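Source file: protein07.txt; contents: compact mmCIF, C-alpha atoms.
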```
# COMPACT_ATOMS: atom_id res chain seq x y z
CA MET A 1 -55.20 -1.38 -15.28
CA PRO A 2 -53.10 -2.99 -12.49
CA ARG A 3 -52.32 -6.68 -12.95
CA ARG A 4 -51.35 -8.99 -10.11
CA GLY A 5 -48.32 -11.24 -9.90
CA SER A 6 -48.29 -13.87 -7.11
CA GLY A 7 -49.58 -11.54 -4.36
CA LEU A 8 -47.55 -8.54 -5.45
CA ARG A 9 -49.18 -6.23 -7.95
CA ILE A 10 -47.43 -4.63 -10.85
CA GLU A 11 -48.34 -1.22 -12.19
CA ARG A 12 -47.30 0.49 -15.39
CA ARG A 13 -46.76 4.23 -15.28
CA PRO A 14 -48.83 5.82 -18.05
CA ASP A 15 -46.30 8.55 -18.70
CA THR A 16 -43.13 6.46 -19.02
CA GLY A 17 -44.41 2.92 -19.47
CA ALA A 18 -42.17 1.72 -16.62
CA ILE A 19 -43.48 -1.13 -14.46
CA THR A 20 -43.32 -0.94 -10.65
CA ILE A 21 -43.71 -3.89 -8.25
CA ILE A 22 -45.81 -2.84 -5.25
CA GLY A 23 -47.18 -4.65 -2.21
CA THR A 24 -46.54 -6.01 1.27
CA VAL A 25 -45.12 -9.50 1.86
CA ALA A 26 -44.03 -11.00 5.19
CA GLY A 27 -44.61 -7.64 6.83
CA GLN A 28 -42.23 -5.91 4.43
CA ARG A 29 -43.47 -3.15 2.15
CA ILE A 30 -42.15 -3.42 -1.41
CA ARG A 31 -42.01 -0.70 -4.00
CA LYS A 32 -39.38 -1.17 -6.66
CA ARG A 33 -38.90 -0.68 -10.37
CA ALA A 34 -39.13 -3.94 -12.27
CA GLN A 35 -36.05 -4.96 -14.20
CA SER A 36 -38.15 -5.31 -17.37
CA ASP A 37 -41.09 -3.36 -18.79
CA ASN A 38 -42.54 -6.58 -20.17
CA TYR A 39 -45.65 -7.65 -18.16
CA LYS A 40 -44.81 -11.36 -18.19
CA LEU A 41 -41.21 -10.85 -17.10
CA ALA A 42 -42.30 -8.37 -14.44
CA GLN A 43 -44.83 -10.90 -13.07
CA GLU A 44 -42.10 -13.56 -12.89
CA GLU A 45 -39.86 -11.16 -11.07
CA ALA A 46 -42.61 -10.29 -8.58
CA ALA A 47 -43.32 -14.01 -7.97
CA ALA A 48 -39.64 -14.75 -7.37
CA LEU A 49 -39.34 -11.78 -5.03
CA GLU A 50 -42.35 -12.89 -2.99
CA THR A 51 -40.99 -16.44 -2.75
CA GLU A 52 -37.66 -15.16 -1.46
CA LEU A 53 -39.32 -12.88 1.11
CA LEU A 54 -41.52 -15.68 2.41
CA ARG A 55 -38.61 -18.10 2.57
CA THR A 56 -36.59 -15.57 4.53
CA GLN A 57 -39.48 -15.12 6.98
CA TRP A 58 -39.81 -18.88 7.52
CA HIS A 59 -36.17 -20.02 7.43
CA GLY A 60 -34.10 -16.87 7.89
CA PRO A 61 -31.90 -15.16 5.30
CA ARG A 62 -30.01 -17.31 2.82
CA ARG A 63 -26.24 -17.39 3.16
CA GLY A 64 -24.76 -14.46 1.32
CA THR A 65 -27.95 -12.43 1.00
CA ARG A 66 -27.03 -9.89 3.67
CA PRO A 67 -25.46 -6.65 2.43
CA PHE A 68 -21.67 -6.51 2.46
CA ALA A 69 -22.00 -3.13 4.18
CA GLU A 70 -23.81 -4.79 7.11
CA ALA A 71 -20.90 -7.22 7.55
CA VAL A 72 -18.41 -4.34 7.52
CA THR A 73 -20.40 -2.50 10.18
CA SER A 74 -20.57 -5.63 12.34
CA TYR A 75 -16.82 -6.18 11.95
CA LEU A 76 -16.03 -2.62 13.02
CA GLU A 77 -18.32 -2.85 16.05
CA THR A 78 -16.98 -6.18 17.31
CA LEU A 79 -13.55 -4.89 18.41
CA PRO A 80 -11.86 -1.48 18.52
CA ARG A 81 -10.34 -0.73 15.09
CA THR A 82 -7.75 1.85 14.16
CA ASP A 83 -8.66 4.93 12.14
CA SER A 84 -6.56 3.64 9.25
CA THR A 85 -8.56 0.38 9.20
CA LYS A 86 -11.84 2.30 9.22
CA ALA A 87 -10.66 4.56 6.39
CA ARG A 88 -9.51 1.60 4.28
CA LEU A 89 -12.79 -0.27 4.74
CA ASN A 90 -14.72 2.86 3.81
CA ARG A 91 -12.74 3.10 0.56
CA ILE A 92 -13.45 -0.58 -0.11
CA LEU A 93 -17.17 -0.05 0.49
CA ILE A 94 -17.24 2.83 -1.97
CA ALA A 95 -15.35 0.81 -4.58
CA ALA A 96 -17.53 -2.29 -4.08
CA GLY A 97 -20.87 -0.51 -4.25
CA ASP A 98 -24.16 -1.91 -2.96
CA VAL A 99 -23.47 -5.66 -3.12
CA LYS A 100 -24.51 -8.76 -1.18
CA LEU A 101 -22.01 -10.93 0.65
CA ALA A 102 -22.42 -13.65 -1.99
CA ALA A 103 -21.09 -11.22 -4.60
CA VAL A 104 -17.82 -10.58 -2.73
CA ASN A 105 -15.60 -12.85 -4.81
CA GLN A 106 -12.36 -12.73 -6.76
CA GLN A 107 -13.93 -10.71 -9.59
CA LEU A 108 -15.12 -8.06 -7.14
CA ALA A 109 -11.72 -8.02 -5.42
CA ASN A 110 -10.05 -7.39 -8.78
CA ARG A 111 -12.48 -4.56 -9.52
CA ILE A 112 -11.87 -2.98 -6.11
CA ALA A 113 -8.11 -3.21 -6.65
CA ARG A 114 -8.39 -1.47 -10.02
CA LYS A 115 -10.39 1.37 -8.45
CA MET A 116 -8.33 1.81 -5.29
CA LEU A 117 -4.74 1.04 -6.30
CA ALA A 118 -2.30 2.22 -8.91
CA PRO A 119 -2.14 0.15 -12.13
CA ASP A 120 1.39 -0.99 -11.28
CA ALA A 121 0.64 -1.93 -7.65
CA ILE A 122 2.85 -4.79 -6.50
CA PRO A 123 1.33 -8.04 -5.18
CA ALA A 124 2.12 -7.14 -1.57
CA THR A 125 0.13 -3.91 -1.93
CA VAL A 126 -2.87 -5.73 -3.43
CA LYS A 127 -2.76 -8.31 -0.66
CA ARG A 128 -2.45 -5.74 2.14
CA GLY A 129 -4.85 -3.17 0.70
CA VAL A 130 -7.66 -5.36 -0.68
CA ILE A 131 -7.40 -9.13 -0.15
CA THR A 132 -6.53 -9.11 3.56
CA PRO A 133 -9.34 -6.72 4.65
CA LEU A 134 -11.90 -8.51 2.44
CA ARG A 135 -10.88 -11.83 3.91
CA ALA A 136 -11.18 -10.44 7.45
CA ILE A 137 -14.72 -9.19 6.77
CA LEU A 138 -15.87 -12.45 5.19
CA ASN A 139 -14.30 -14.56 7.95
CA HIS A 140 -16.20 -12.45 10.47
CA ALA A 141 -19.45 -12.85 8.50
CA TYR A 142 -18.84 -16.60 8.13
CA LYS A 143 -18.61 -16.95 11.92
CA GLN A 144 -22.03 -15.29 12.15
CA GLY A 145 -23.45 -17.79 9.64
CA TRP A 146 -24.04 -15.08 7.05
CA CYS A 147 -21.93 -16.42 4.19
CA ASP A 148 -19.57 -19.15 3.06
CA PRO A 149 -15.83 -19.06 3.91
CA PRO A 150 -13.86 -16.61 1.76
CA ARG A 151 -11.89 -17.87 -1.21
CA PHE A 152 -9.50 -15.47 -2.85
CA GLU A 153 -6.48 -15.85 -5.06
CA VAL A 154 -3.70 -14.37 -2.97
CA PRO A 155 -1.15 -12.49 -5.12
CA ARG A 156 2.17 -14.25 -5.08
CA GLU A 157 4.88 -12.15 -3.49
CA GLY A 158 8.57 -12.32 -4.24
CA GLU A 159 10.93 -13.53 -1.54
CA GLY A 160 12.53 -10.13 -1.23
CA ARG A 161 15.68 -9.36 0.71
CA THR A 162 15.53 -9.18 4.50
CA VAL A 163 17.75 -6.28 5.52
CA TYR A 164 19.58 -6.37 8.84
CA LEU A 165 22.54 -4.78 10.59
CA LEU A 166 25.76 -6.31 11.81
CA PRO A 167 26.76 -5.27 15.36
CA HIS A 168 29.41 -2.79 14.22
CA GLU A 169 26.86 -1.18 11.86
CA ALA A 170 24.37 -0.92 14.72
CA SER A 171 27.01 0.82 16.83
CA ALA A 172 27.64 3.27 13.99
CA LEU A 173 23.91 3.92 13.72
CA LEU A 174 23.71 4.72 17.44
CA ALA A 175 26.71 7.03 17.14
CA GLY A 176 24.98 8.97 14.37
CA ALA A 177 21.66 9.31 16.19
CA GLY A 178 20.39 12.16 18.34
CA PRO A 179 19.43 11.43 21.98
CA SER A 180 15.77 10.57 21.30
CA MET A 181 16.46 8.48 18.22
CA ARG A 182 19.29 6.71 20.04
CA VAL A 183 16.95 5.47 22.79
CA LEU A 184 14.42 4.28 20.21
CA ILE A 185 17.04 2.40 18.17
CA GLN A 186 18.52 0.77 21.25
CA LEU A 187 15.05 -0.28 22.43
CA ILE A 188 14.17 -2.01 19.16
CA LEU A 189 17.60 -3.62 18.77
CA GLY A 190 17.47 -4.71 22.40
CA CYS A 191 14.08 -6.45 22.62
CA GLY A 192 12.52 -6.36 19.14
CA PRO A 193 9.26 -4.38 19.40
CA ARG A 194 7.58 -3.11 16.27
CA MET A 195 7.87 0.63 15.78
CA SER A 196 4.30 1.34 16.93
CA GLU A 197 4.82 -0.84 20.01
CA ALA A 198 8.03 0.97 20.89
CA LEU A 199 6.46 4.42 20.57
CA GLU A 200 3.53 3.37 22.78
CA LEU A 201 5.64 1.83 25.57
CA ASP A 202 4.76 3.46 28.91
CA TRP A 203 6.99 3.67 31.96
CA ARG A 204 4.41 1.86 34.09
CA ASP A 205 5.03 -1.21 31.91
CA VAL A 206 8.82 -1.14 32.36
CA ASP A 207 10.51 -3.06 35.20
CA LEU A 208 14.15 -2.00 35.27
CA GLN A 209 14.99 -4.12 38.29
CA GLY A 210 13.54 -7.24 36.67
CA ALA A 211 14.81 -6.20 33.21
CA ARG A 212 11.37 -6.68 31.67
CA ALA A 213 8.91 -4.64 29.62
CA MET A 214 5.29 -5.40 28.71
CA PHE A 215 3.90 -4.47 25.31
CA TRP A 216 0.11 -4.56 25.57
CA ARG A 217 -1.07 -3.40 22.14
CA THR A 218 0.64 -5.72 19.67
CA LYS A 219 -0.03 -6.63 16.05
CA GLY A 220 -1.16 -10.12 17.02
CA GLY A 221 -3.52 -8.76 19.67
CA LYS A 222 -1.80 -10.62 22.52
CA PRO A 223 0.28 -8.86 25.21
CA ARG A 224 3.98 -9.66 25.01
CA ARG A 225 6.62 -9.56 27.74
CA ALA A 226 10.12 -8.68 26.54
CA VAL A 227 13.50 -9.26 28.18
CA LEU A 228 15.67 -6.12 28.35
CA PRO A 229 19.42 -6.62 27.87
CA PRO A 230 21.81 -4.94 30.36
CA GLY A 231 22.85 -2.15 28.00
CA LEU A 232 19.25 -1.14 27.35
CA VAL A 233 18.44 -1.25 31.07
CA ALA A 234 21.35 1.12 31.73
CA THR A 235 20.20 3.50 28.99
CA LEU A 236 16.65 3.62 30.31
CA ALA A 237 17.85 4.03 33.90
CA ASN A 238 19.81 7.13 32.88
CA LEU A 239 16.79 8.91 31.40
CA SER A 240 15.62 11.91 33.42
CA TYR A 241 11.91 10.96 33.50
CA ARG A 242 9.93 7.99 34.81
CA GLU A 243 6.34 8.74 33.78
CA GLY A 244 4.37 8.58 30.55
CA ARG A 245 5.82 7.40 27.26
CA VAL A 246 9.37 6.09 27.30
CA ILE A 247 10.21 7.28 23.77
CA ARG A 248 9.86 11.05 23.39
CA ARG A 249 10.59 13.75 20.87
CA PRO A 250 13.60 16.02 21.31
CA ASP A 251 11.31 18.58 22.97
CA GLY A 252 10.30 16.01 25.60
CA ARG A 253 6.76 15.40 24.32
CA PRO A 254 5.54 11.94 23.25
CA TYR A 255 5.25 11.14 19.58
CA ALA A 256 1.71 11.44 18.18
CA ASP A 257 -0.02 8.13 17.46
CA ARG A 258 -1.11 9.09 13.93
CA GLU A 259 -3.00 5.82 13.42
CA ARG A 260 0.01 3.67 14.38
CA GLN A 261 1.71 4.45 11.11
CA GLY A 262 4.97 2.81 12.12
CA GLY A 263 7.27 5.74 12.76
CA GLY A 264 6.30 7.84 9.77
CA GLN A 265 6.47 10.92 11.98
CA MET A 266 10.25 10.61 12.30
CA LYS A 267 11.30 9.91 8.72
CA THR A 268 13.45 13.04 8.50
CA ALA A 269 15.40 12.19 11.66
CA TRP A 270 15.78 8.60 10.51
CA ARG A 271 17.23 9.62 7.14
CA ALA A 272 19.64 12.04 8.82
CA THR A 273 20.77 9.35 11.27
CA LYS A 274 21.53 6.90 8.47
CA ALA A 275 23.40 9.53 6.50
CA ARG A 276 25.61 10.48 9.47
CA ALA A 277 26.29 6.82 10.21
CA GLY A 278 27.08 5.93 6.60
CA ILE A 279 24.39 3.22 6.64
CA ASP A 280 22.57 1.86 3.58
CA PRO A 281 19.91 4.49 2.70
CA GLU A 282 17.47 1.64 1.95
CA LEU A 283 17.49 0.50 5.60
CA HIS A 284 13.93 0.81 6.91
CA GLN A 285 12.99 1.43 10.53
CA HIS A 286 11.32 -2.00 10.64
CA ASP A 287 14.65 -3.57 9.66
CA LEU A 288 15.78 -2.91 13.22
CA ARG A 289 13.30 -5.59 14.31
CA HIS A 290 14.70 -7.92 11.63
CA THR A 291 18.14 -7.24 13.08
CA TRP A 292 17.02 -8.11 16.61
CA ALA A 293 15.46 -11.35 15.37
CA SER A 294 18.57 -12.43 13.46
CA TRP A 295 20.76 -11.65 16.48
CA HIS A 296 18.39 -13.53 18.79
CA TYR A 297 18.59 -16.67 16.68
CA ALA A 298 22.35 -16.36 16.28
CA LEU A 299 22.75 -16.54 20.08
CA TYR A 300 20.02 -18.99 21.10
CA ARG A 301 19.42 -21.14 17.99
CA ASP A 302 15.84 -21.62 19.17
CA PRO A 303 13.09 -20.65 16.67
CA LEU A 304 10.31 -21.35 19.18
CA LYS A 305 11.90 -19.00 21.73
CA LEU A 306 12.26 -16.38 19.00
CA LYS A 307 8.59 -16.80 17.97
CA LEU A 308 7.36 -16.37 21.54
CA GLU A 309 9.61 -13.45 22.50
CA GLY A 310 9.06 -11.69 19.17
CA GLY A 311 5.29 -12.11 19.11
CA TRP A 312 5.03 -13.89 15.74
CA GLY A 313 1.98 -16.03 15.04
CA SER A 314 3.74 -19.08 13.60
CA LEU A 315 7.15 -20.69 13.20
CA ASP A 316 6.92 -20.11 9.45
CA GLN A 317 7.22 -16.38 10.10
CA VAL A 318 10.58 -16.75 11.85
CA GLU A 319 12.15 -19.09 9.30
CA ARG A 320 13.54 -16.13 7.39
CA TYR A 321 15.88 -15.35 10.31
CA VAL A 322 17.28 -18.86 10.79
CA HIS A 323 20.01 -18.58 8.14
CA LEU A 324 20.14 -14.81 7.87
CA LEU A 325 23.21 -13.88 9.95
CA PRO A 326 26.55 -15.54 9.17
CA GLU A 327 28.38 -17.17 12.04
CA GLY A 328 31.08 -15.37 13.94
CA HIS A 329 29.16 -12.34 15.27
CA GLU A 330 27.99 -13.82 18.58
CA GLU A 331 30.58 -12.04 20.71
CA ALA A 332 29.85 -8.70 19.06
CA ILE A 333 26.11 -9.15 19.65
CA ARG A 334 26.66 -9.88 23.35
CA ALA A 335 28.92 -6.86 23.61
CA PHE A 336 26.30 -4.62 21.98
CA TRP A 337 23.50 -5.90 24.21
CA HIS A 338 25.70 -5.32 27.26
CA GLY A 339 26.13 -1.70 26.26
CA ALA A 340 29.83 -1.93 25.48
CA ASP A 341 31.58 -0.57 22.44
CA VAL A 342 31.47 -3.53 20.07
CA ASP A 343 35.18 -3.68 19.20
CA ALA A 344 36.33 -2.89 22.75
CA GLY A 345 33.84 -5.37 24.24
CA ILE A 346 35.10 -8.21 22.07
CA ALA A 347 38.71 -7.46 22.95
CA GLU A 348 37.90 -7.38 26.67
CA ARG A 349 35.98 -10.67 26.56
CA ARG A 350 38.80 -12.40 24.68
CA ALA A 351 41.39 -11.07 27.12
```

Would you encode the structure as structure tokens?
Amino acid sequence: MPRRGSGLRIERRPDTGAITIIGTVAGQRIRKRAQSDNYKLAQEEAAALETELLRTQWHGPRRGTRPFAEAVTSYLETLPRTDSTKARLNRILIAAGDVKLAAVNQQLANRIARKMLAPDAIPATVKRGVITPLRAILNHAYKQGWCDPPRFEVPREGEGRTVYLLPHEASALLAGAGPSMRVLIQLILGCGPRMSEALELDWRDVDLQGARAMFWRTKGGKPRRAVLPPGLVATLANLSYREGRVIRRPDGRPYADRERQGGGQMKTAWRATKARAGIDPELHQHDLRHTWASWHYALYRDPLKLKLEGGWGSLDQVERYVHLLPEGHEEAIRAFWHGADVDAGIAERRA
């Protein structure tokens, strides 16, 4: 015979003995399996459930009681997100399971990392793949009043070595590059865009006469205006086209976006260029931006100017470039940016 528990009734199935909590509270229909098949415990569970439903009706949901999946959906709908971001958050949702926002803590982050990443994943991979997206979701939910601010233990990363090129090495790299790769390298070394920003640069955002270029879709989300050095202006002025993407494949077509993967579509050409130039095989495409930053500071000695022109979010992010390049390369940098052969340019300036 059915027995009642604080407005919700509990019923035991005669065939299995399982207890089900059934009823309607605060306009919400409830039908769920009780966590225990003991009548007393099931009644306590039904009473607690009714209390929570009534409290939510009167005062709104408690902080952290909304589903984590709801916060992810809200985050994705707030601003346009890349396909890679959507795919990563979908993997995180699958690894997390059906949890409330209050349950998204360090223990859950560790469990997600174990499911998603390799056992020997380095701290930077854990931070980028799990901690950073979780923190972004919880910060978004916190601004909606849905949960408390996120608190995660951020994996400690090693200092690492910041790789960069000296001017004569950059000249060798240009000499070993094909026409398309040469323009790309000179663009990044000349004004410091990230690889995705460089590949997306459109001619309508290039002002050759004013020696300026505008990068609209940046990592920080803020448009950035870049100064183009004379050598880069001359290179761009000599290109045979003035519409569409500035950087193009050898067949004249623009590079595919491929979720802004940072130049992954040209790895083969990049490796071949380094091999022909005799450059360190470990040099990454992003190290060209590091090179531009170290050269910029070597000439201007102004970290704030470097932060603004490079599009970094804080001065802490440019500290790595302050003592990176040894003194004595200023003339060679100016020669490179003016489009001259480095050795010949230095000799001419000294003469």

So which residues touch Trp337 of chain A within 7 Å, counting all atoms listed in the file, skipping near sequence neighbours fewer than 6 positions away, as a PyMOL selection string? chain A and resi 190+229-231

Enter the distance from atom CA of Lys143 of chain A to atom CA of Ala103 of chain A, in Å, rounded to one decimal. 17.7 Å

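The environment of Met116 of chain A within 8 Å, counting only C-alpha atoms and disregarding residues fewer than 6 places along the same chain, consists of Arg91, Ile92 and Ala95 of chain A.
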
Restricting the calculation to all atoms listed in the file, which member of A:Leu53, A:Val233, A:Ala213, A:Ile21 is positioned closest to Tyr39 of chain A? A:Ile21

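Atom CA of Arg151 of chain A lies 9.3 Å from atom CA of Leu138 of chain A.
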
Counting only C-alpha atoms, what is within 10 Å of Gln209 of chain A, bar same-chain residues fewer than 3 positions away, as a PyMOL selection string? chain A and resi 206+212+233+237

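Atom CA of Val25 of chain A sits 7.2 Å away from atom CA of Leu54 of chain A.
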
When distances are computed from only C-alpha atoms, which of A:Ser84, A:Pro123, A:Val104, A:Leu173 shows the smallest separation from Asp280 of chain A? A:Leu173

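Residue nearest Leu299 of chain A within the list A:Gly313, A:Ala332, A:Pro254, A:Asn90: A:Ala332 [criterion: smallest interatomic distance, all atoms listed in the file].
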
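Here the question is which of A:Trp295, A:Ala177, A:Trp146, A:Met214 gets nearest to Arg271 of chain A using only C-alpha atoms, and that residue is A:Ala177.
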
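Those residues that approach Asp302 of chain A to within 12 Å, counting only C-alpha atoms, are Ala293, Ser294, Trp295, His296, Tyr297, Ala298, Leu299, Lys305, Leu306, Lys307, Leu308, Glu309, Leu315, Val318, Glu319, Tyr321 and Val322 of chain A; same-chain residues fewer than 3 positions away are not listed.
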
Pick from A:Asp207, A:Gln186, A:Pro155, A:His338 nearest to Ile122 of chain A, counting all atoms listed in the file: A:Pro155

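The shortest atom-to-atom distance to Ala47 of chain A, with all atoms listed in the file taken into account, belongs to A:Arg9 out of A:Lys219, A:His168, A:Arg320, A:Arg9.
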